[in-house]
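Data file: upload_3.pdb. Format and content: PDB, C-alpha atoms and all ligand atoms.
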```pdb
ATOM      1  CA  MET A   1       9.596  -1.978 -11.113  1.00  0.00           C
ATOM      2  CA  GLY A   2      10.656  -2.279  -7.492  1.00  0.00           C
ATOM      3  CA  ILE A   3       8.527  -3.853  -4.792  1.00  0.00           C
ATOM      4  CA  GLU A   4       8.342  -0.477  -3.027  1.00  0.00           C
ATOM      5  CA  SER A   5       6.459   1.067  -5.925  1.00  0.00           C
ATOM      6  CA  ALA A   6       4.122  -1.925  -6.117  1.00  0.00           C
ATOM      7  CA  LEU A   7       3.240  -1.879  -2.419  1.00  0.00           C
ATOM      8  CA  GLY A   8       3.613   1.800  -1.630  1.00  0.00           C
ATOM      9  CA  GLU A   9       6.545   3.555  -0.033  1.00  0.00           C
ATOM     10  CA  GLY A  10       7.431   2.207   3.392  1.00  0.00           C
ATOM     11  CA  PHE A  11       4.730  -0.453   3.448  1.00  0.00           C
ATOM     12  CA  PHE A  12       6.976  -3.490   3.125  1.00  0.00           C
ATOM     13  CA  THR A  13       9.541  -2.297   5.669  1.00  0.00           C
ATOM     14  CA  THR A  14       6.927  -1.376   8.243  1.00  0.00           C
ATOM     15  CA  LYS A  15       5.371  -4.822   8.109  1.00  0.00           C
ATOM     16  CA  ILE A  16       8.722  -6.589   8.549  1.00  0.00           C
ATOM     17  CA  ASP A  17       9.422  -4.306  11.495  1.00  0.00           C
ATOM     18  CA  ALA A  18       6.099  -5.171  13.074  1.00  0.00           C
ATOM     19  CA  LEU A  19       6.624  -8.908  12.612  1.00  0.00           C
ATOM     20  CA  SER A  20      10.198  -8.815  13.866  1.00  0.00           C
ATOM     21  CA  ASN A  21       9.289  -6.666  16.888  1.00  0.00           C
ATOM     22  CA  TRP A  22       6.341  -8.905  17.751  1.00  0.00           C
ATOM     23  CA  ALA A  23       8.632 -11.968  17.736  1.00  0.00           C
ATOM     24  CA  ARG A  24      11.330 -10.215  19.752  1.00  0.00           C
ATOM     25  CA  ALA A  25       8.928  -8.791  22.299  1.00  0.00           C
ATOM     26  CA  ASN A  26       7.399 -12.186  22.981  1.00  0.00           C
ATOM     27  CA  ALA A  27      10.659 -14.098  23.213  1.00  0.00           C
ATOM     28  CA  ALA A  28      12.873 -11.848  25.341  1.00  0.00           C
ATOM     29  CA  TRP A  29      15.052 -14.366  27.112  1.00  0.00           C
ATOM     30  CA  PRO A  30      16.527 -13.103  30.383  1.00  0.00           C
ATOM     31  CA  MET A  31      20.174 -13.158  31.365  1.00  0.00           C
ATOM     32  CA  PRO A  32      19.890 -13.458  35.168  1.00  0.00           C
ATOM     33  CA  MET A  33      22.554 -11.395  36.899  1.00  0.00           C
ATOM     34  CA  GLY A  34      21.757 -12.204  40.507  1.00  0.00           C
ATOM     35  CA  LEU A  35      24.156 -10.309  42.771  1.00  0.00           C
ATOM     36  CA  ALA A  36      22.390 -10.123  46.132  1.00  0.00           C
ATOM     37  CA  CYS A  37      19.065 -10.609  47.933  1.00  0.00           C
ATOM     38  CA  CYS A  38      16.962  -9.257  45.024  1.00  0.00           C
ATOM     39  CA  ALA A  39      17.952 -12.399  43.135  1.00  0.00           C
ATOM     40  CA  ILE A  40      15.609 -14.435  45.343  1.00  0.00           C
ATOM     41  CA  GLU A  41      12.660 -12.440  44.011  1.00  0.00           C
ATOM     42  CA  MET A  42      14.017 -12.794  40.485  1.00  0.00           C
ATOM     43  CA  MET A  43      13.928 -16.581  40.955  1.00  0.00           C
ATOM     44  CA  ALA A  44      10.311 -16.314  42.051  1.00  0.00           C
ATOM     45  CA  PHE A  45       9.594 -14.340  38.866  1.00  0.00           C
ATOM     46  CA  ALA A  46      10.758 -17.350  36.864  1.00  0.00           C
ATOM     47  CA  GLY A  47       8.680 -19.815  38.889  1.00  0.00           C
ATOM     48  CA  PRO A  48       5.192 -21.132  38.115  1.00  0.00           C
ATOM     49  CA  ARG A  49       3.317 -18.764  40.462  1.00  0.00           C
ATOM     50  CA  TYR A  50       4.148 -15.663  38.405  1.00  0.00           C
ATOM     51  CA  ASP A  51       4.303 -17.544  35.125  1.00  0.00           C
ATOM     52  CA  ALA A  52       6.740 -15.473  33.073  1.00  0.00           C
ATOM     53  CA  SER A  53       6.087 -17.867  30.200  1.00  0.00           C
ATOM     54  CA  ARG A  54       2.935 -15.811  29.479  1.00  0.00           C
ATOM     55  CA  PHE A  55       5.380 -13.216  28.168  1.00  0.00           C
ATOM     56  CA  GLY A  56       7.763 -15.651  26.503  1.00  0.00           C
ATOM     57  CA  SER A  57      10.474 -14.911  29.071  1.00  0.00           C
ATOM     58  CA  GLU A  58      10.561 -18.025  31.199  1.00  0.00           C
ATOM     59  CA  VAL A  59      13.712 -19.299  29.520  1.00  0.00           C
ATOM     60  CA  MET A  60      16.526 -18.043  31.716  1.00  0.00           C
ATOM     61  CA  ARG A  61      19.737 -18.302  29.753  1.00  0.00           C
ATOM     62  CA  PHE A  62      23.072 -18.526  31.495  1.00  0.00           C
ATOM     63  CA  SER A  63      24.883 -17.895  28.253  1.00  0.00           C
ATOM     64  CA  PRO A  64      25.060 -14.255  27.149  1.00  0.00           C
ATOM     65  CA  ARG A  65      25.022 -15.385  23.516  1.00  0.00           C
ATOM     66  CA  GLN A  66      21.450 -16.622  23.920  1.00  0.00           C
ATOM     67  CA  SER A  67      20.093 -13.755  26.003  1.00  0.00           C
ATOM     68  CA  ASP A  68      18.124 -10.613  25.204  1.00  0.00           C
ATOM     69  CA  VAL A  69      17.385  -8.958  28.558  1.00  0.00           C
ATOM     70  CA  MET A  70      19.912  -8.656  31.354  1.00  0.00           C
ATOM     71  CA  ILE A  71      18.277  -8.469  34.790  1.00  0.00           C
ATOM     72  CA  VAL A  72      20.718  -6.987  37.283  1.00  0.00           C
ATOM     73  CA  ALA A  73      19.350  -7.973  40.691  1.00  0.00           C
ATOM     74  CA  GLY A  74      21.301  -6.635  43.631  1.00  0.00           C
ATOM     75  CA  TRP A  75      24.156  -4.304  44.374  1.00  0.00           C
ATOM     76  CA  SER A  76      27.244  -4.269  42.209  1.00  0.00           C
ATOM     77  CA  THR A  77      30.790  -3.786  43.451  1.00  0.00           C
ATOM     78  CA  TYR A  78      33.342  -2.056  41.249  1.00  0.00           C
ATOM     79  CA  LYS A  79      35.222  -5.338  41.032  1.00  0.00           C
ATOM     80  CA  MET A  80      32.139  -7.175  39.777  1.00  0.00           C
ATOM     81  CA  ALA A  81      31.192  -4.355  37.395  1.00  0.00           C
ATOM     82  CA  HIS A  82      33.963  -5.366  34.997  1.00  0.00           C
ATOM     83  CA  ALA A  83      32.637  -8.934  34.758  1.00  0.00           C
ATOM     84  CA  ILE A  84      29.043  -7.746  34.307  1.00  0.00           C
ATOM     85  CA  ARG A  85      30.049  -5.340  31.574  1.00  0.00           C
ATOM     86  CA  ARG A  86      31.977  -8.075  29.796  1.00  0.00           C
ATOM     87  CA  ILE A  87      28.925 -10.354  29.861  1.00  0.00           C
ATOM     88  CA  TRP A  88      26.778  -7.481  28.592  1.00  0.00           C
ATOM     89  CA  ASP A  89      29.189  -6.921  25.700  1.00  0.00           C
ATOM     90  CA  GLN A  90      28.891 -10.612  24.776  1.00  0.00           C
ATOM     91  CA  MET A  91      25.102 -10.397  24.418  1.00  0.00           C
ATOM     92  CA  PRO A  92      24.061  -9.914  20.784  1.00  0.00           C
ATOM     93  CA  ASP A  93      22.158  -6.814  19.703  1.00  0.00           C
ATOM     94  CA  PRO A  94      19.401  -5.870  20.136  1.00  0.00           C
ATOM     95  CA  LYS A  95      19.466  -6.206  23.916  1.00  0.00           C
ATOM     96  CA  TRP A  96      17.861  -4.584  26.918  1.00  0.00           C
ATOM     97  CA  CYS A  97      18.655  -4.133  30.604  1.00  0.00           C
ATOM     98  CA  ILE A  98      16.572  -4.061  33.783  1.00  0.00           C
ATOM     99  CA  ALA A  99      17.980  -2.641  37.040  1.00  0.00           C
ATOM    100  CA  MET A 100      16.062  -4.556  39.693  1.00  0.00           C
ATOM    101  CA  GLY A 101      15.786  -2.992  43.139  1.00  0.00           C
ATOM    102  CA  ALA A 102      17.115   0.053  44.945  1.00  0.00           C
ATOM    103  CA  CYS A 103      20.690  -1.238  45.015  1.00  0.00           C
ATOM    104  CA  ALA A 104      20.988  -1.933  41.293  1.00  0.00           C
ATOM    105  CA  SER A 105      19.256   1.345  40.482  1.00  0.00           C
ATOM    106  CA  THR A 106      21.105   3.693  42.845  1.00  0.00           C
ATOM    107  CA  GLY A 107      23.410   1.745  45.145  1.00  0.00           C
ATOM    108  CA  GLY A 108      20.616   1.672  47.728  1.00  0.00           C
ATOM    109  CA  MET A 109      21.750   1.616  51.333  1.00  0.00           C
ATOM    110  CA  HIS A 110      25.316   0.793  50.318  1.00  0.00           C
ATOM    111  CA  ARG A 111      26.840   4.272  50.337  1.00  0.00           C
ATOM    112  CA  CYS A 112      30.415   3.006  50.450  1.00  0.00           C
ATOM    113  CA  TYR A 113      33.534   3.180  48.334  1.00  0.00           C
ATOM    114  CA  GLY A 114      33.286  -0.353  46.957  1.00  0.00           C
ATOM    115  CA  VAL A 115      29.729  -0.249  45.557  1.00  0.00           C
ATOM    116  CA  VAL A 116      28.739   1.314  42.232  1.00  0.00           C
ATOM    117  CA  GLN A 117      25.977   3.855  42.854  1.00  0.00           C
ATOM    118  CA  GLY A 118      23.703   2.513  40.150  1.00  0.00           C
ATOM    119  CA  VAL A 119      24.487   0.063  37.373  1.00  0.00           C
ATOM    120  CA  ASP A 120      23.581   2.740  34.835  1.00  0.00           C
ATOM    121  CA  ASN A 121      27.122   4.004  35.443  1.00  0.00           C
ATOM    122  CA  TYR A 122      28.316   1.217  33.148  1.00  0.00           C
ATOM    123  CA  LEU A 123      25.189  -0.301  31.525  1.00  0.00           C
ATOM    124  CA  PRO A 124      22.452   1.300  29.375  1.00  0.00           C
ATOM    125  CA  VAL A 125      19.477   0.570  31.641  1.00  0.00           C
ATOM    126  CA  ASP A 126      16.053   0.464  29.945  1.00  0.00           C
ATOM    127  CA  ALA A 127      13.860  -0.104  33.010  1.00  0.00           C
ATOM    128  CA  TYR A 128      14.286   0.504  36.725  1.00  0.00           C
ATOM    129  CA  VAL A 129      12.356  -1.465  39.333  1.00  0.00           C
ATOM    130  CA  SER A 130      11.895   0.246  42.699  1.00  0.00           C
ATOM    131  CA  GLY A 131      11.723  -1.613  45.992  1.00  0.00           C
ATOM    132  CA  CYS A 132      13.886  -3.435  48.502  1.00  0.00           C
ATOM    133  CA  PRO A 133      13.317  -6.038  47.327  1.00  0.00           C
ATOM    134  CA  PRO A 134      10.805  -5.504  44.525  1.00  0.00           C
ATOM    135  CA  ARG A 135       8.094  -8.097  44.230  1.00  0.00           C
ATOM    136  CA  PRO A 136       8.230 -10.477  41.253  1.00  0.00           C
ATOM    137  CA  ASP A 137       5.151  -8.808  39.750  1.00  0.00           C
ATOM    138  CA  ALA A 138       7.082  -5.505  39.694  1.00  0.00           C
ATOM    139  CA  LEU A 139       9.733  -7.267  37.634  1.00  0.00           C
ATOM    140  CA  LEU A 140       6.994  -8.547  35.324  1.00  0.00           C
ATOM    141  CA  HIS A 141       5.812  -4.960  34.945  1.00  0.00           C
ATOM    142  CA  ALA A 142       9.329  -3.888  33.926  1.00  0.00           C
ATOM    143  CA  LEU A 143       9.395  -6.705  31.397  1.00  0.00           C
ATOM    144  CA  MET A 144       6.081  -5.496  29.946  1.00  0.00           C
ATOM    145  CA  LYS A 145       7.525  -1.976  29.649  1.00  0.00           C
ATOM    146  CA  ILE A 146      10.462  -3.382  27.712  1.00  0.00           C
ATOM    147  CA  GLN A 147       8.043  -5.276  25.474  1.00  0.00           C
ATOM    148  CA  ASP A 148       6.295  -1.959  24.755  1.00  0.00           C
ATOM    149  CA  LYS A 149       9.655  -0.423  23.920  1.00  0.00           C
ATOM    150  CA  ILE A 150      10.598  -3.281  21.586  1.00  0.00           C
ATOM    151  CA  LYS A 151       7.311  -2.926  19.708  1.00  0.00           C
ATOM    152  CA  THR A 152       8.118   0.682  18.775  1.00  0.00           C
ATOM    153  CA  GLU A 153      11.643   0.026  17.533  1.00  0.00           C
ATOM    154  CA  HIS A 154      12.708   0.068  13.897  1.00  0.00           C
ATOM    155  CA  SER A 155      14.767  -3.044  13.433  1.00  0.00           C
ATOM    156  CA  VAL A 156      14.945  -3.127   9.646  1.00  0.00           C
ATOM    157  CA  LEU A 157      17.013  -0.325   8.161  1.00  0.00           C
ATOM    158  CA  LEU A 158      16.832   0.849   4.557  1.00  0.00           C
ATOM    159  CA  ASP A 159      19.900   1.914   2.616  1.00  0.00           C
ATOM    160  CA  SER A 160      19.467   5.550   1.683  1.00  0.00           C
TER     161      SER A 160
HETATM  162  S1  LIG B   1      17.389  -3.606  47.018  1.00  0.00           S
HETATM  163 FE1  LIG B   1      17.180  -4.617  49.039  1.00  0.00          FE
HETATM  164  S2  LIG B   1      16.706  -6.753  48.547  1.00  0.00           S
HETATM  165 FE2  LIG B   1      17.607  -5.823  46.686  1.00  0.00          FE
HETATM  166  S3  LIG B   1      19.806  -6.244  46.810  1.00  0.00           S
HETATM  167 FE3  LIG B   1      19.449  -4.232  47.733  1.00  0.00          FE
HETATM  168  S4  LIG B   1      19.251  -4.685  49.954  1.00  0.00           S
HETATM  169 FE4  LIG B   1      18.952  -6.625  48.842  1.00  0.00          FE
END
```
Go ahead and express the file in the form of structure tokens.
Ligand code: SF4
Amino acid sequence: MGIESALGEGFFTTKIDALSNWARANAAWPMPMGLACCAIEMMAFAGPRYDASRFGSEVMRFSPRQSDVMIVAGWSTYKMAHAIRRIWDQMPDPKWCIAMGACASTGGMHRCYGVVQGVDNYLPVDAYVSGCPPRPDALLHALMKIQDKIKTEHSVLLDS
């Protein structure tokens, strides 16, 4: 008799999902990708005033192997886009991305040939933060939205 029939179909998997998502949502370590002035506000986000440790995200990692959430803060040139994408590819799954500020989200005021008009041209962005620059609490709000997203994901897959 399998454990599924003892506990009811789907019961066991759902509980592992919930536990895994709870742990992931409350330990989403940021990969800070500070590219321009928005990075100053991102540093404030990590400081004691805004207390990102309430959400388990105070541990900024400068190694992609230890990171869960890439925060792209500032405008991205085409030249830099290749390096950012390489770092993104080195982050283990599951991973999430925040585009912080008008420049990261759309290119902002930089309507010129050298600037990518939104990092979603080469990254799968999960949350956009408006503003120039956005306040640190807006970045916290984006982090909370990503936590909500993580909590609804199915991380444990069954063989069919
Ligand atoms: S959105 Fe504003 S503050 Fe942020 S990088 Fe662009 S110009 Fe700088």
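If all atoms listed in the file are the atoms counted, then among A:Arg85, A:Lys95, A:His110, A:Arg49 the closest residue to ligand LIG 1 (chain B) is A:His110.
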Exercise. Could you list, as number ranges by chain, all the residues within 12 Å of ligand LIG 1 (chain B), counting all atoms listed in the file?
Worked result: A: 33-42, 72-77, 99-111, 115, 117-118, 128-136
For this session: Starting from the displayed file, determine the output of the PyMOL selection byres (((chain A and resi 152) around 10) and not hetatm) and express the residue list as a list of chain:residue names.
Result: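 Going through the file, the PyMOL selection byres (((chain A and resi 152) around 10) and not hetatm) ends up selecting A:Asp17, A:Ala18, A:Asn21, A:Trp22, A:Gln147, A:Asp148, A:Lys149, A:Ile150, A:Lys151, A:Glu153, A:His154, A:Ser155.
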Exercise. Of the candidates A:Pro64, A:Leu140, A:Arg24, A:His82, which shows the shortest atom-to-atom distance to Asp51 of chain A, using only C-alpha atoms?
Worked result: A:Leu140
Problem set entry | Contact residues around Met60 of chain A with only C-alpha atoms at 9 Å, ignoring same-chain residues under 2 positions, as a PyMOL selection string | chain A and resi 29-32+46+57-58+62+67
Problem set entry | Residue with smallest distance to Ala138 of chain A - pool A:Leu123, A:Gln66, A:Trp88, A:Ile98, counting all atoms listed in the file |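 With all atoms listed in the file as the atom set, the closest residue is A:Ile98.
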For this session: Could you give me, as a VMD selection string, the residues that sit within 10 Å of (20.4, -2.7, 23.3) in the file's coordinates, counting all atoms listed in the file?
Result: chain A and resid 68 to 69 88 91 to 97 123 to 126 150
Selected residues written out, C-alpha atoms, as a short mmCIF file (atom, residue, chain, number, x, y, z; two decimals), in the frame of the given file:
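The result, stored in out31.cif:
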```
data_model
loop_
_atom_site.label_atom_id
_atom_site.label_comp_id
_atom_site.auth_asym_id
_atom_site.auth_seq_id
_atom_site.Cartn_x
_atom_site.Cartn_y
_atom_site.Cartn_z
CA ASP A 68 18.12 -10.61 25.20
CA VAL A 69 17.39 -8.96 28.56
CA TRP A 88 26.78 -7.48 28.59
CA MET A 91 25.10 -10.40 24.42
CA PRO A 92 24.06 -9.91 20.78
CA ASP A 93 22.16 -6.81 19.70
CA PRO A 94 19.40 -5.87 20.14
CA LYS A 95 19.47 -6.21 23.92
CA TRP A 96 17.86 -4.58 26.92
CA CYS A 97 18.66 -4.13 30.60
CA LEU A 123 25.19 -0.30 31.52
CA PRO A 124 22.45 1.30 29.38
CA VAL A 125 19.48 0.57 31.64
CA ASP A 126 16.05 0.46 29.94
CA ILE A 150 10.60 -3.28 21.59
#
```
Problem set entry | Atom pair atom CA of Ala127 of chain A / atom CA of Phe45 of chain A: separation (Å) |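 Between these atoms lies a distance of 16.0 Å.
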Exercise. In Å, how far is it from atom CA of Ala44 of chain A to atom CA of Asn121 of chain A?
Worked result: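 Taking atom CA of Ala44 of chain A and atom CA of Asn121 of chain A, their separation equals 27.2 Å.
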For this session: Using only C-alpha atoms, find the one residue out of A:Ala27, A:Asp120, A:Leu139, A:Gly56 that sits nearest to Ile71 of chain A.
Result: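 Among the listed residues, A:Leu139 lies closest to Ile71 of chain A.
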For this session: Could you tell me which of A:Pro48, A:Arg54, A:Lys79, A:Leu19 comes closest to Val116 of chain A if we count only C-alpha atoms?
Result: A:Lys79
What would segment 81-92 of chain A look like with all heavy atoms restored, written as a compact mmCIF listing (two decimals), in the coordinates of the input?
```txt
# COMPACT_ATOMS: atom_id res chain seq x y z
N ALA A 81 31.70 -5.13 38.54
CA ALA A 81 31.19 -4.36 37.40
C ALA A 81 31.92 -4.73 36.11
O ALA A 81 31.31 -4.78 35.03
CB ALA A 81 31.34 -2.86 37.67
N HIS A 82 33.20 -5.02 36.21
CA HIS A 82 33.96 -5.37 35.00
C HIS A 82 33.45 -6.67 34.39
O HIS A 82 33.33 -6.80 33.16
CB HIS A 82 35.45 -5.47 35.33
CG HIS A 82 36.05 -4.17 35.77
ND1 HIS A 82 36.37 -3.17 34.88
CD2 HIS A 82 36.35 -3.70 37.00
CE1 HIS A 82 36.86 -2.13 35.55
NE2 HIS A 82 36.85 -2.43 36.84
N ALA A 83 33.15 -7.65 35.25
CA ALA A 83 32.64 -8.93 34.76
C ALA A 83 31.24 -8.76 34.16
O ALA A 83 30.93 -9.34 33.10
CB ALA A 83 32.60 -9.95 35.90
N ILE A 84 30.41 -7.96 34.82
CA ILE A 84 29.04 -7.75 34.31
C ILE A 84 29.10 -7.06 32.95
O ILE A 84 28.39 -7.44 32.02
CB ILE A 84 28.23 -6.91 35.31
CG1 ILE A 84 28.08 -7.66 36.64
CG2 ILE A 84 26.86 -6.57 34.75
CD1 ILE A 84 27.52 -6.82 37.77
N ARG A 85 29.94 -6.06 32.84
CA ARG A 85 30.05 -5.34 31.57
C ARG A 85 30.57 -6.27 30.47
O ARG A 85 30.11 -6.20 29.32
CB ARG A 85 30.98 -4.13 31.73
CG ARG A 85 31.18 -3.32 30.47
CD ARG A 85 29.90 -2.65 30.01
NE ARG A 85 29.91 -2.44 28.58
CZ ARG A 85 29.19 -1.51 27.95
NH1 ARG A 85 28.38 -0.72 28.63
NH2 ARG A 85 29.24 -1.39 26.66
N ARG A 86 31.47 -7.14 30.82
CA ARG A 86 31.98 -8.07 29.80
C ARG A 86 30.86 -9.01 29.32
O ARG A 86 30.74 -9.29 28.13
CB ARG A 86 33.15 -8.88 30.36
CG ARG A 86 33.69 -9.90 29.36
CD ARG A 86 34.98 -10.50 29.80
NE ARG A 86 36.06 -9.53 29.79
CZ ARG A 86 37.34 -9.83 29.92
NH1 ARG A 86 37.71 -11.08 30.05
NH2 ARG A 86 38.27 -8.91 29.89
N ILE A 87 30.05 -9.49 30.24
CA ILE A 87 28.92 -10.35 29.86
C ILE A 87 27.94 -9.58 29.00
O ILE A 87 27.44 -10.08 27.98
CB ILE A 87 28.25 -10.93 31.13
CG1 ILE A 87 29.20 -11.92 31.81
CG2 ILE A 87 26.91 -11.60 30.80
CD1 ILE A 87 28.75 -12.36 33.18
N TRP A 88 27.67 -8.33 29.40
CA TRP A 88 26.78 -7.48 28.59
C TRP A 88 27.31 -7.33 27.16
O TRP A 88 26.56 -7.44 26.19
CB TRP A 88 26.63 -6.11 29.26
CG TRP A 88 25.93 -5.09 28.41
CD1 TRP A 88 26.50 -4.12 27.64
CD2 TRP A 88 24.51 -4.98 28.22
NE1 TRP A 88 25.52 -3.39 27.00
CE2 TRP A 88 24.30 -3.90 27.34
CE3 TRP A 88 23.40 -5.68 28.72
CZ2 TRP A 88 23.02 -3.50 26.93
CZ3 TRP A 88 22.13 -5.28 28.31
CH2 TRP A 88 21.95 -4.21 27.43
N ASP A 89 28.60 -7.10 27.03
CA ASP A 89 29.19 -6.92 25.70
C ASP A 89 29.10 -8.19 24.86
O ASP A 89 29.11 -8.12 23.63
CB ASP A 89 30.66 -6.49 25.83
CG ASP A 89 30.79 -5.05 26.32
OD1 ASP A 89 29.82 -4.29 26.20
OD2 ASP A 89 31.87 -4.71 26.84
N GLN A 90 28.99 -9.35 25.51
CA GLN A 90 28.89 -10.61 24.78
C GLN A 90 27.46 -10.92 24.33
O GLN A 90 27.25 -11.84 23.54
CB GLN A 90 29.41 -11.76 25.65
CG GLN A 90 30.92 -11.70 25.84
CD GLN A 90 31.43 -12.76 26.80
OE1 GLN A 90 30.66 -13.40 27.50
NE2 GLN A 90 32.73 -12.92 26.84
N MET A 91 26.50 -10.18 24.85
CA MET A 91 25.10 -10.40 24.42
C MET A 91 24.91 -9.77 23.04
O MET A 91 25.35 -8.64 22.80
CB MET A 91 24.13 -9.77 25.43
CG MET A 91 24.05 -10.52 26.74
SD MET A 91 23.15 -9.64 28.03
CE MET A 91 21.53 -9.46 27.30
N PRO A 92 24.25 -10.49 22.12
CA PRO A 92 24.06 -9.91 20.78
C PRO A 92 23.01 -8.81 20.80
O PRO A 92 22.07 -8.84 21.60
CB PRO A 92 23.58 -11.12 19.96
CG PRO A 92 22.99 -12.05 20.95
CD PRO A 92 23.71 -11.84 22.25
```
